[in-house]
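K.L.:
What follows is query33.txt, made up of compact mmCIF, C-alpha atoms:
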```txt
# COMPACT_ATOMS: atom_id res chain seq x y z
CA MET Q 1 -24.34 97.25 126.30
CA SER Q 2 -26.13 100.51 127.08
CA ASP Q 3 -24.11 100.97 130.30
CA VAL Q 4 -20.88 100.50 128.38
CA ALA Q 5 -21.99 103.06 125.76
CA LEU Q 6 -22.86 105.56 128.46
CA ASP Q 7 -19.44 105.17 130.09
CA ARG Q 8 -17.55 105.52 126.81
CA PRO Q 9 -15.85 108.95 126.42
CA SER Q 10 -17.39 111.23 123.82
CA TYR Q 11 -14.57 112.12 121.43
CA LEU Q 12 -14.47 114.50 118.52
CA PRO Q 13 -14.27 112.98 115.05
CA ALA Q 14 -10.72 112.17 114.01
CA ALA Q 15 -8.90 115.30 112.86
CA VAL Q 16 -8.28 115.53 109.13
CA SER Q 17 -5.31 117.86 108.77
CA ASP Q 18 -5.23 120.45 106.01
CA ARG Q 19 -2.24 119.12 104.10
CA ALA Q 20 -1.10 122.17 102.13
CA PRO Q 21 -1.34 124.68 105.04
CA THR Q 22 0.39 122.14 107.30
CA TRP Q 23 3.37 121.88 104.96
CA VAL Q 24 3.52 125.63 104.32
CA THR Q 25 3.46 126.61 108.00
CA ALA Q 26 5.80 123.81 109.08
CA LEU Q 27 8.31 124.75 106.38
CA GLY Q 28 7.87 128.41 107.30
CA LEU Q 29 8.83 127.65 110.90
CA VAL Q 30 11.85 125.55 109.90
CA ILE Q 31 13.10 127.91 107.19
CA GLY Q 32 12.43 130.94 109.40
CA PHE Q 33 14.44 129.41 112.26
CA ILE Q 34 17.40 128.60 110.01
CA ALA Q 35 17.29 131.97 108.24
CA ILE Q 36 17.15 133.97 111.48
CA TRP Q 37 19.97 131.86 112.94
CA TYR Q 38 22.07 132.51 109.85
CA LEU Q 39 21.22 136.20 109.43
CA VAL Q 40 21.15 137.17 113.11
CA ASP Q 41 22.06 134.56 115.72
CA LEU Q 42 20.83 131.46 117.53
CA ARG Q 43 19.28 133.49 120.35
CA GLN Q 44 17.01 135.34 117.93
CA ALA Q 45 16.10 132.08 116.19
CA ALA Q 46 15.22 130.57 119.57
CA LEU Q 47 12.84 133.49 120.22
CA PHE Q 48 11.20 132.81 116.85
CA ALA Q 49 10.72 129.18 117.93
CA ILE Q 50 9.31 130.27 121.30
CA GLY Q 51 6.87 132.43 119.35
CA GLY Q 52 5.82 129.35 117.39
CA GLY Q 53 5.10 127.52 120.64
CA LEU Q 54 3.10 130.49 121.94
CA GLY Q 55 1.04 130.54 118.74
CA ALA Q 56 0.24 126.83 118.99
CA ALA Q 57 -0.76 127.13 122.66
CA LEU Q 58 -2.91 130.19 122.01
CA TYR Q 59 -4.71 128.49 119.11
CA HIS Q 60 -5.21 125.04 120.63
CA GLY Q 61 -6.39 126.58 123.90
CA SER Q 62 -8.42 129.34 122.20
CA PHE Q 63 -6.72 131.39 124.88
CA GLY Q 64 -7.80 134.97 124.42
CA PHE Q 65 -8.54 137.68 126.96
CA THR Q 66 -11.32 139.21 124.85
CA GLY Q 67 -13.62 136.20 124.83
CA GLY Q 68 -12.91 135.34 128.47
CA TRP Q 69 -13.84 138.83 129.63
CA ARG Q 70 -16.96 138.88 127.46
CA ARG Q 71 -18.12 135.51 128.78
CA MET Q 72 -17.73 136.79 132.34
CA VAL Q 73 -19.79 139.90 131.62
CA VAL Q 74 -22.50 138.41 129.42
CA GLU Q 75 -22.78 134.77 130.55
CA LYS Q 76 -21.44 135.16 134.10
CA ARG Q 77 -18.97 132.34 133.39
CA GLY Q 78 -15.48 133.02 134.73
CA ARG Q 79 -13.48 129.92 133.78
CA GLY Q 80 -11.49 131.89 131.22
CA MET Q 81 -10.63 134.71 133.62
CA ARG Q 82 -9.60 132.27 136.34
CA ALA Q 83 -7.26 130.54 133.90
CA GLN Q 84 -5.76 133.94 133.09
CA MET Q 85 -5.20 134.73 136.77
CA LEU Q 86 -3.53 131.33 137.32
CA MET Q 87 -1.27 131.89 134.32
CA ILE Q 88 -0.14 135.30 135.58
CA GLY Q 89 0.35 134.02 139.13
CA VAL Q 90 2.55 131.10 138.12
CA THR Q 91 4.63 133.42 135.96
CA ALA Q 92 4.99 136.01 138.72
CA ILE Q 93 6.22 133.45 141.26
CA VAL Q 94 9.09 132.49 138.94
CA MET Q 95 9.69 135.79 137.16
CA MET Q 96 9.95 138.19 140.11
CA PRO Q 97 12.89 136.38 141.77
CA LEU Q 98 14.68 136.26 138.41
CA LEU Q 99 14.15 140.00 137.93
CA ALA Q 100 15.31 140.64 141.49
CA ALA Q 101 18.56 138.80 140.68
CA GLY Q 102 19.08 141.17 137.77
CA ASN Q 103 20.83 138.68 135.51
CA LEU Q 104 21.29 135.00 134.88
CA GLY Q 105 24.49 133.65 133.40
CA GLY Q 106 25.54 137.13 132.37
CA GLN Q 107 22.21 137.85 130.64
CA PRO Q 108 20.67 141.06 132.08
CA LEU Q 109 17.00 140.65 133.02
CA VAL Q 110 14.54 143.55 133.08
CA GLY Q 111 10.80 143.54 133.70
CA MET Q 112 7.95 145.16 131.82
CA THR Q 113 7.26 148.37 133.72
CA GLY Q 114 5.56 151.62 132.83
CA PRO Q 115 4.65 154.93 134.46
CA VAL Q 116 1.37 155.11 136.33
CA GLY Q 117 -0.58 158.02 134.94
CA VAL Q 118 -3.03 159.53 132.49
CA SER Q 119 -1.47 157.87 129.45
CA VAL Q 120 -1.99 154.35 130.85
CA ILE Q 121 -5.52 155.13 132.04
CA LEU Q 122 -6.75 156.52 128.74
CA GLY Q 123 -4.78 154.10 126.57
CA SER Q 124 -6.06 151.00 128.35
CA LEU Q 125 -9.66 152.28 128.31
CA ILE Q 126 -9.36 152.78 124.54
CA PHE Q 127 -7.74 149.37 124.11
CA GLY Q 128 -10.41 147.56 126.12
CA PHE Q 129 -13.17 149.15 124.05
CA GLY Q 130 -11.37 148.38 120.79
CA MET Q 131 -10.64 144.74 121.54
CA GLN Q 132 -14.33 143.90 121.86
CA LEU Q 133 -14.98 145.42 118.44
CA GLY Q 134 -11.83 144.06 116.83
CA GLY Q 135 -12.54 140.58 118.13
CA GLY Q 136 -9.23 139.92 119.86
CA CYS Q 137 -6.45 141.43 121.94
CA GLY Q 138 -2.84 141.59 120.73
CA SER Q 139 -2.19 137.86 121.08
CA GLY Q 140 -5.73 136.99 120.00
CA THR Q 141 -5.34 138.98 116.81
CA LEU Q 142 -2.11 137.19 115.91
CA PHE Q 143 -3.24 133.63 116.58
CA THR Q 144 -6.56 134.08 114.76
CA VAL Q 145 -4.73 135.59 111.77
CA GLY Q 146 -2.51 132.52 111.84
CA GLY Q 147 -5.63 130.37 111.88
CA GLY Q 148 -6.79 131.93 108.61
CA SER Q 149 -9.27 134.61 109.74
CA ALA Q 150 -9.68 137.27 107.05
CA ARG Q 151 -11.56 139.53 109.45
CA MET Q 152 -8.72 139.47 111.93
CA LEU Q 153 -6.29 140.27 109.13
CA VAL Q 154 -8.23 143.54 108.74
CA THR Q 155 -8.02 144.08 112.51
CA LEU Q 156 -4.25 143.49 112.39
CA ALA Q 157 -3.76 145.92 109.48
CA PHE Q 158 -5.52 148.73 111.34
CA PHE Q 159 -3.89 147.69 114.62
CA ILE Q 160 -0.59 148.52 112.88
CA VAL Q 161 -1.95 151.87 111.67
CA GLY Q 162 -3.18 152.74 115.16
CA ALA Q 163 0.14 151.76 116.72
CA LEU Q 164 1.99 154.01 114.26
CA LEU Q 165 -0.29 156.94 115.11
CA GLY Q 166 0.39 156.23 118.77
CA THR Q 167 4.12 156.67 118.24
CA ALA Q 168 3.44 160.10 116.75
CA HIS Q 169 1.62 161.25 119.91
CA LEU Q 170 3.32 159.29 122.70
CA PRO Q 171 5.89 162.00 123.59
CA TRP Q 172 3.04 164.41 124.31
CA TRP Q 173 1.19 161.84 126.41
CA LEU Q 174 4.32 161.13 128.44
CA ASN Q 175 4.26 164.74 129.60
CA GLN Q 176 0.78 164.35 131.07
CA PRO Q 177 0.40 163.79 134.85
CA ASN Q 178 1.95 160.57 136.14
CA ILE Q 179 3.70 159.33 139.27
CA GLY Q 180 6.39 157.42 137.41
CA VAL Q 181 7.12 153.71 137.54
CA VAL Q 182 5.91 151.90 140.66
CA ASP Q 183 7.70 148.56 141.02
CA LEU Q 184 6.24 146.46 143.84
CA ARG Q 185 9.55 144.62 144.26
CA LEU Q 186 11.48 147.83 144.86
CA ASN Q 187 8.81 149.47 147.02
CA PHE Q 188 7.83 146.53 149.23
CA GLY Q 189 10.54 143.89 148.78
CA LEU Q 190 10.40 140.63 146.85
CA PRO Q 191 8.35 138.44 149.28
CA ALA Q 192 5.71 141.14 149.78
CA ALA Q 193 5.54 141.88 146.05
CA ILE Q 194 4.88 138.22 145.25
CA GLY Q 195 2.38 137.96 148.10
CA LEU Q 196 0.46 141.09 147.09
CA THR Q 197 0.36 139.94 143.47
CA ILE Q 198 -0.98 136.49 144.35
CA ILE Q 199 -3.56 137.99 146.72
CA GLY Q 200 -4.74 140.39 144.00
CA LEU Q 201 -4.98 137.65 141.38
CA ALA Q 202 -6.76 135.31 143.82
CA ALA Q 203 -9.22 138.08 144.69
CA VAL Q 204 -10.14 138.49 141.02
CA ALA Q 205 -10.57 134.72 140.65
CA ILE Q 206 -12.74 134.53 143.79
CA VAL Q 207 -14.97 137.38 142.59
CA THR Q 208 -15.55 135.60 139.27
CA ALA Q 209 -16.35 132.37 141.12
CA VAL Q 210 -18.85 134.08 143.43
CA ILE Q 211 -20.62 135.80 140.53
CA GLU Q 212 -20.74 132.58 138.53
CA LYS Q 213 -22.05 130.48 141.39
CA ARG Q 214 -24.77 133.00 142.19
CA ALA Q 215 -25.84 133.10 138.55
CA HIS Q 216 -25.69 129.37 137.80
CA GLY Q 217 -25.47 127.52 141.12
CA ASN Q 218 -22.19 125.88 140.08
CA LEU Q 219 -18.78 126.56 138.58
CA GLU Q 220 -17.96 125.54 135.04
CA THR Q 221 -15.28 122.85 135.10
CA GLU Q 222 -12.52 122.03 132.64
CA PRO Q 223 -13.83 119.50 130.10
CA GLU Q 224 -12.14 116.15 129.64
CA PRO Q 225 -9.80 115.81 126.63
CA ARG Q 226 -11.88 115.52 123.47
CA ARG Q 227 -9.47 113.20 121.68
CA PRO Q 228 -8.16 109.75 122.67
CA GLY Q 229 -4.81 109.28 124.38
CA TRP Q 230 -2.38 112.14 123.91
CA SER Q 231 -3.50 113.01 120.40
CA TRP Q 232 -5.17 116.19 121.76
CA LEU Q 233 -1.69 117.64 122.28
CA LEU Q 234 -1.12 117.65 118.54
CA TYR Q 235 -4.62 118.27 117.26
CA GLY Q 236 -6.26 120.18 120.12
CA PRO Q 237 -8.33 121.46 121.75
CA TRP Q 238 -6.31 122.05 124.91
CA PRO Q 239 -7.87 122.80 128.31
CA LEU Q 240 -7.65 126.48 129.23
CA VAL Q 241 -5.59 125.80 132.34
CA GLY Q 242 -3.13 123.65 130.41
CA ALA Q 243 -2.74 126.27 127.67
CA GLY Q 244 -2.29 128.98 130.30
CA LEU Q 245 0.49 127.03 132.04
CA VAL Q 246 2.28 126.51 128.71
CA LEU Q 247 2.03 130.26 128.04
CA ALA Q 248 3.44 130.93 131.52
CA LEU Q 249 6.44 128.66 130.90
CA LEU Q 250 7.08 130.21 127.49
CA ASN Q 251 6.90 133.74 128.92
CA ILE Q 252 9.56 132.74 131.45
CA ALA Q 253 11.60 131.24 128.61
CA THR Q 254 11.25 134.56 126.77
CA LEU Q 255 12.62 136.44 129.78
CA LEU Q 256 15.61 134.11 130.02
CA THR Q 257 16.31 134.27 126.28
CA ALA Q 258 15.50 137.87 125.38
CA GLY Q 259 16.27 139.47 128.74
CA HIS Q 260 12.72 140.82 129.02
CA PRO Q 261 9.24 139.24 129.23
CA TRP Q 262 6.89 138.56 126.32
CA THR Q 263 5.53 141.58 124.44
CA ILE Q 264 3.57 141.93 121.21
CA THR Q 265 2.48 145.39 120.13
CA TYR Q 266 5.83 147.20 119.86
CA GLY Q 267 6.38 145.19 116.69
CA PHE Q 268 3.18 146.54 115.16
CA GLY Q 269 4.32 150.14 115.55
CA LEU Q 270 7.72 149.26 114.08
CA TRP Q 271 6.15 147.54 111.06
CA GLY Q 272 3.93 150.56 110.49
CA ALA Q 273 6.90 152.92 110.73
CA LYS Q 274 8.95 150.89 108.25
CA ILE Q 275 6.04 150.81 105.78
CA ALA Q 276 5.43 154.54 106.19
CA ASP Q 277 9.12 155.29 105.76
CA ALA Q 278 9.22 153.19 102.59
CA VAL Q 279 6.39 155.21 101.00
CA GLY Q 280 7.96 158.55 101.87
CA ILE Q 281 6.33 159.52 105.17
CA PRO Q 282 9.12 161.11 107.25
CA VAL Q 283 8.59 159.06 110.41
CA ALA Q 284 12.31 159.25 111.16
CA THR Q 285 11.76 162.90 112.11
CA TRP Q 286 9.02 162.09 114.62
CA GLU Q 287 10.31 162.49 118.17
CA PHE Q 288 9.57 158.89 119.15
CA TRP Q 289 11.66 157.55 116.26
CA THR Q 290 14.59 159.86 117.08
CA TRP Q 291 15.11 158.21 120.48
CA PRO Q 292 18.26 156.03 120.20
CA ALA Q 293 16.66 152.60 120.61
CA GLN Q 294 13.75 153.44 118.30
CA ALA Q 295 16.00 155.02 115.67
CA GLN Q 296 18.18 151.93 115.66
CA ALA Q 297 15.14 149.65 115.28
CA LEU Q 298 13.79 151.78 112.42
CA ASN Q 299 17.11 151.68 110.56
CA SER Q 300 17.81 147.97 111.16
CA SER Q 301 16.37 144.75 109.81
CA VAL Q 302 13.05 143.78 111.36
CA LEU Q 303 14.66 140.41 112.13
CA LEU Q 304 16.79 142.15 114.77
CA ASP Q 305 13.65 143.13 116.71
CA THR Q 306 12.83 140.41 119.23
CA THR Q 307 9.15 141.32 119.44
CA SER Q 308 8.75 141.13 115.67
CA VAL Q 309 10.38 137.72 115.25
CA MET Q 310 8.24 136.36 118.08
CA ASP Q 311 5.12 137.80 116.45
CA PHE Q 312 6.07 136.09 113.17
CA GLY Q 313 6.52 132.85 115.10
CA ILE Q 314 3.12 133.22 116.78
CA ILE Q 315 1.37 133.57 113.42
CA LEU Q 316 3.10 130.53 111.92
CA GLY Q 317 2.73 128.44 115.09
CA ALA Q 318 -0.99 129.16 115.23
CA GLY Q 319 -1.28 128.43 111.51
CA LEU Q 320 0.38 125.05 111.98
CA ALA Q 321 -1.90 124.21 114.93
CA ALA Q 322 -4.99 125.19 112.90
CA ALA Q 323 -3.84 123.17 109.89
CA LEU Q 324 -3.10 120.07 111.98
CA ALA Q 325 -6.58 120.32 113.54
CA GLY Q 326 -8.14 120.66 110.08
CA LYS Q 327 -9.48 124.11 110.96
CA PHE Q 328 -7.45 126.34 108.67
CA ALA Q 329 -10.32 127.93 106.80
CA PRO Q 330 -9.84 131.47 105.48
CA LYS Q 331 -13.12 133.27 104.78
CA ALA Q 332 -13.07 136.34 102.57
CA LYS Q 333 -16.74 137.35 102.93
CA LEU Q 334 -17.20 140.03 105.59
CA PRO Q 335 -20.47 141.83 106.45
CA LEU Q 336 -20.06 145.60 106.35
CA GLY Q 337 -20.76 146.05 110.06
CA SER Q 338 -18.21 143.42 111.02
CA LEU Q 339 -15.66 144.97 108.67
CA LEU Q 340 -16.20 148.43 110.20
CA ALA Q 341 -15.87 146.99 113.70
CA ALA Q 342 -12.56 145.37 112.71
CA VAL Q 343 -11.27 148.68 111.35
CA VAL Q 344 -12.35 150.73 114.37
CA GLY Q 345 -11.27 148.07 116.85
CA GLY Q 346 -7.85 147.69 115.26
CA LEU Q 347 -7.20 151.43 115.23
CA LEU Q 348 -8.25 151.83 118.86
CA MET Q 349 -6.20 148.87 120.05
CA GLY Q 350 -3.08 150.04 118.23
CA TYR Q 351 -3.32 153.58 119.55
CA GLY Q 352 -4.33 152.49 123.05
CA ALA Q 353 -1.54 149.93 123.31
CA ARG Q 354 1.11 152.51 122.46
CA LEU Q 355 -0.22 154.99 125.03
CA SER Q 356 -0.51 152.36 127.77
CA PHE Q 357 2.81 150.58 127.11
CA GLY Q 358 1.40 147.31 125.87
CA CYS Q 359 -1.64 145.12 125.43
CA ASN Q 360 -3.06 142.24 127.47
CA ILE Q 361 0.34 140.56 127.10
CA GLY Q 362 2.97 143.30 127.48
CA ALA Q 363 1.07 145.45 130.00
CA LEU Q 364 -1.27 143.07 131.85
CA PHE Q 365 0.38 139.61 131.76
CA SER Q 366 4.06 140.58 131.69
CA GLY Q 367 3.48 143.85 133.60
CA ILE Q 368 1.74 142.26 136.59
CA ALA Q 369 4.15 139.30 136.56
CA SER Q 370 7.04 141.80 136.66
CA GLY Q 371 5.59 143.53 139.72
CA SER Q 372 4.64 146.74 137.91
CA LEU Q 373 1.65 148.67 139.31
CA HIS Q 374 0.87 149.95 135.83
CA GLY Q 375 -0.15 146.38 134.91
CA TRP Q 376 -2.90 146.44 137.55
CA LEU Q 377 -4.04 149.90 136.47
CA TRP Q 378 -4.11 148.67 132.87
CA PHE Q 379 -6.21 145.65 133.87
CA ALA Q 380 -8.82 147.72 135.71
CA CYS Q 381 -9.18 150.39 133.04
CA ALA Q 382 -9.12 147.98 130.10
CA PHE Q 383 -11.89 145.94 131.73
CA VAL Q 384 -14.02 149.07 132.06
CA GLY Q 385 -13.34 149.87 128.41
CA SER Q 386 -14.22 146.29 127.52
CA LEU Q 387 -17.63 146.70 129.21
CA ALA Q 388 -18.35 149.65 126.91
CA GLY Q 389 -17.11 147.65 123.94
CA ILE Q 390 -19.45 144.77 124.75
CA TRP Q 391 -22.34 147.24 124.88
CA ALA Q 392 -21.31 148.67 121.48
CA ARG Q 393 -20.96 145.34 119.64
CA PRO Q 394 -24.62 145.13 118.55
CA LEU Q 395 -24.26 148.56 116.91
CA PHE Q 396 -21.97 146.85 114.39
CA GLY Q 397 -24.14 143.77 113.99
CA LEU Q 398 -21.88 141.64 116.17
CA ASP Q 399 -23.78 138.96 118.04
CA GLY Q 400 -21.42 138.36 120.95
CA PHE Q 401 -22.65 135.77 123.42
CA ALA Q 402 -26.31 135.11 124.04
CA LYS Q 403 -27.43 136.24 127.47
CA LYS Q 404 -28.55 133.51 129.81
```
Before anything else, please render the file you have as C-alpha cells.

P.N.:
Amino acid sequence: MSDVALDRPSYLPAAVSDRAPTWVTALGLVIGFIAIWYLVDLRQAALFAIGGGLGAALYHGSFGFTGGWRRMVVEKRGRGMRAQMLMIGVTAIVMMPLLAAGNLGGQPLVGMTGPVGVSVILGSLIFGFGMQLGGGCGSGTLFTVGGGSARMLVTLAFFIVGALLGTAHLPWWLNQPNIGVVDLRLNFGLPAAIGLTIIGLAAVAIVTAVIEKRAHGNLETEPEPRRPGWSWLLYGPWPLVGAGLVLALLNIATLLTAGHPWTITYGFGLWGAKIADAVGIPVATWEFWTWPAQAQALNSSVLLDTTSVMDFGIILGAGLAAALAGKFAPKAKLPLGSLLAAVVGGLLMGYGARLSFGCNIGALFSGIASGSLHGWLWFACAFVGSLAGIWARPLFGLDGFAKK
C-alpha cells in the first residue's frame, strides 16, 4: 500500500470556483464581444476575444517577465526566462515570413519596429526599474488586475498617468540622437534575420542554464500537471512552456487579425488622454495628439482602438481564469511602502514605455519577433534597469525572493 501511495500523483485540492466573479467575467466577455461586433465590426470583436485568451493564459501560467527576471537574479533560477525565449523564438519563426510577405488575404501586415537611440535606451532603463517596484510589466499589470489585485490597480492607474506624461514629451525625445529603425529582415534578409534571432534567444537561454547549474547543480524542470486529467486547462495552473506557446499562437493570431503584433501600453496613454480631455486638460493641443493617427484615436470611441479592446479582454479573461480557479480575492489593505512602490513603479513604467515604444510585450516580445533591433536594445537596457529595481525593492518594504 505504501508503494502505491508513493506512486500516486500529488494533486491540488479540487478547485472551488468563485461563482459571482465567474458569472460577471464570463458575461462581460460575451456581452463585450457582442457589443463590439455590433458597434464596430467582427474583426474588432475577435481581437477582444483574443485578448480574453491572452488574459487566461497569462493568469493560469503566472506568465510575467518581472518575476522571471527577478528569480534569475535573486535565486539563479532561469526557467521563467527560458520559457520567455522559447515563446519569442516560436513567434519569430512564424511572424517574420508573414511580415516579409507584407499581407495575407489582402490584410496588410506590419511589424513592431522602433528607432534605435537615446529614447529607447533611457525609456527601457526606466521601465525595467519601475516594473520591479510596480510588481508587474504591462501584461503582468493587466492580468493581476483581472485577478483582483488592489495593489496592481494602483500600479495600473499610475501607469496610465505616466504614459500620458510620456506622450507630452515624446516629440522632444524623438529628436535626440538615434540611428533610425533597424529591421533585421531588410538589412540581412529573411533567413539570416530568423537565424540571428534564434541564435540570440538561444544564447540568453544557455547563459541562464549555465548560471543556474553552477548555482544549484541542476536545472529546474517543468512540474507535472497539478490537477487530474485535463482539468488543469480550465482551472490551472499551466506549465510556463505551455502558457508561453499559447501566448505565441495568440500573438500570431493578433498579427493576422489586427495587421500588427500584440501591444499593450499605447492603450494606457490613450485612456489617460481621454480622461484628461474630459476634465479640461487641453491634450488635443499637445504635439503627439495632433499627429493624424493619434488625433483620430483621441476623437474616436475607445472601442475603435485595437490595443484598448485587447487590454479590456485581457483583464476579463484573467478575471475569469482567477474566478474558475477560486483565486479571485481582492485585497484592499496596502502597506504604505507597497503603495508608494506601486505609485512610483506605475509612473516609471508608463513614462518609460512611451519613450521606448512599448513594454515587455510591444517592444521586447513583438519587437524581437518582428526582427527589430530596438527590441534587443530594449531587452538589454530594461534588464539593467530591473537589476536596479530589485536592489531598490527593500527600500519600500518589498520582500522579493529570499536569497538562496

K.L.:
Between CA of Gly105 (chain Q) and CA of Leu256 (chain Q), what is the distance, to one decimal in Å?

P.N.:
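According to the coordinates, CA of Gly105 (chain Q) and CA of Leu256 (chain Q) are separated by 9.5 Å.
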
K.L.:
Counting only C-alpha atoms, which residue out of Q:Ala323, Q:Leu29, Q:Leu86, Q:Leu109 sits closest to Leu245 (chain Q)?

P.N.:
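That would be Q:Leu86, the residue with the smallest distance to Leu245 (chain Q).
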
K.L.:
May I ask which of the residues Q:Gly337, Q:Gly55, Q:Pro237, Q:Gly385 is the closest one to Gly147 (chain Q), counting only C-alpha atoms?

P.N.:
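Among Q:Gly337, Q:Gly55, Q:Pro237, Q:Gly385, it is Q:Gly55 that comes nearest to Gly147 (chain Q).
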
K.L.:
Of the candidates Q:Leu219, Q:Leu324, Q:Ile252, Q:Ile34, which one gets nearest to Ser231 (chain Q) if we count only C-alpha atoms?

P.N.:
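Among the listed residues, Q:Leu324 lies closest to Ser231 (chain Q).
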
K.L.:
Taking 6 positions as the minimum chain separation for residues in the same chain, which residues sit within 10 Å of Ala248 (chain Q) when counting only C-alpha atoms? Answer as a ChimeraX atom specification.

P.N.:
/Q:54,84,86-92,94-95,242,254,262,365-366,369

K.L.:
Next, write the just-selected residues to a file, as a PDB file, keeping the file's coordinate frame, keeping C-alpha atoms as the atom set.

P.N.:
```pdb
ATOM      1  CA  LEU Q  54       3.100 130.490 121.940  1.00  0.00           C
ATOM      2  CA  GLN Q  84      -5.760 133.940 133.090  1.00  0.00           C
ATOM      3  CA  LEU Q  86      -3.530 131.330 137.320  1.00  0.00           C
ATOM      4  CA  MET Q  87      -1.270 131.890 134.320  1.00  0.00           C
ATOM      5  CA  ILE Q  88      -0.140 135.300 135.580  1.00  0.00           C
ATOM      6  CA  GLY Q  89       0.350 134.020 139.130  1.00  0.00           C
ATOM      7  CA  VAL Q  90       2.550 131.100 138.120  1.00  0.00           C
ATOM      8  CA  THR Q  91       4.630 133.420 135.960  1.00  0.00           C
ATOM      9  CA  ALA Q  92       4.990 136.010 138.720  1.00  0.00           C
ATOM     10  CA  VAL Q  94       9.090 132.490 138.940  1.00  0.00           C
ATOM     11  CA  MET Q  95       9.690 135.790 137.160  1.00  0.00           C
ATOM     12  CA  GLY Q 242      -3.130 123.650 130.410  1.00  0.00           C
ATOM     13  CA  THR Q 254      11.250 134.560 126.770  1.00  0.00           C
ATOM     14  CA  TRP Q 262       6.890 138.560 126.320  1.00  0.00           C
ATOM     15  CA  PHE Q 365       0.380 139.610 131.760  1.00  0.00           C
ATOM     16  CA  SER Q 366       4.060 140.580 131.690  1.00  0.00           C
ATOM     17  CA  ALA Q 369       4.150 139.300 136.560  1.00  0.00           C
TER      18      ALA Q 369
END
```

K.L.:
Which residue out of Q:Leu320, Q:Ile199, Q:Ala363, Q:Met310 has the minimum interatomic distance to Ile36 (chain Q) when only C-alpha atoms are used?

P.N.:
Q:Met310

K.L.:
For Leu156 (chain Q), which residue out of Q:Gly267, Q:Gly64, Q:Gly358, Q:Pro21 is the nearest one, using all atoms listed in the file?

P.N.:
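Counting all atoms listed in the file, the residue closest to Leu156 (chain Q) is Q:Gly267.
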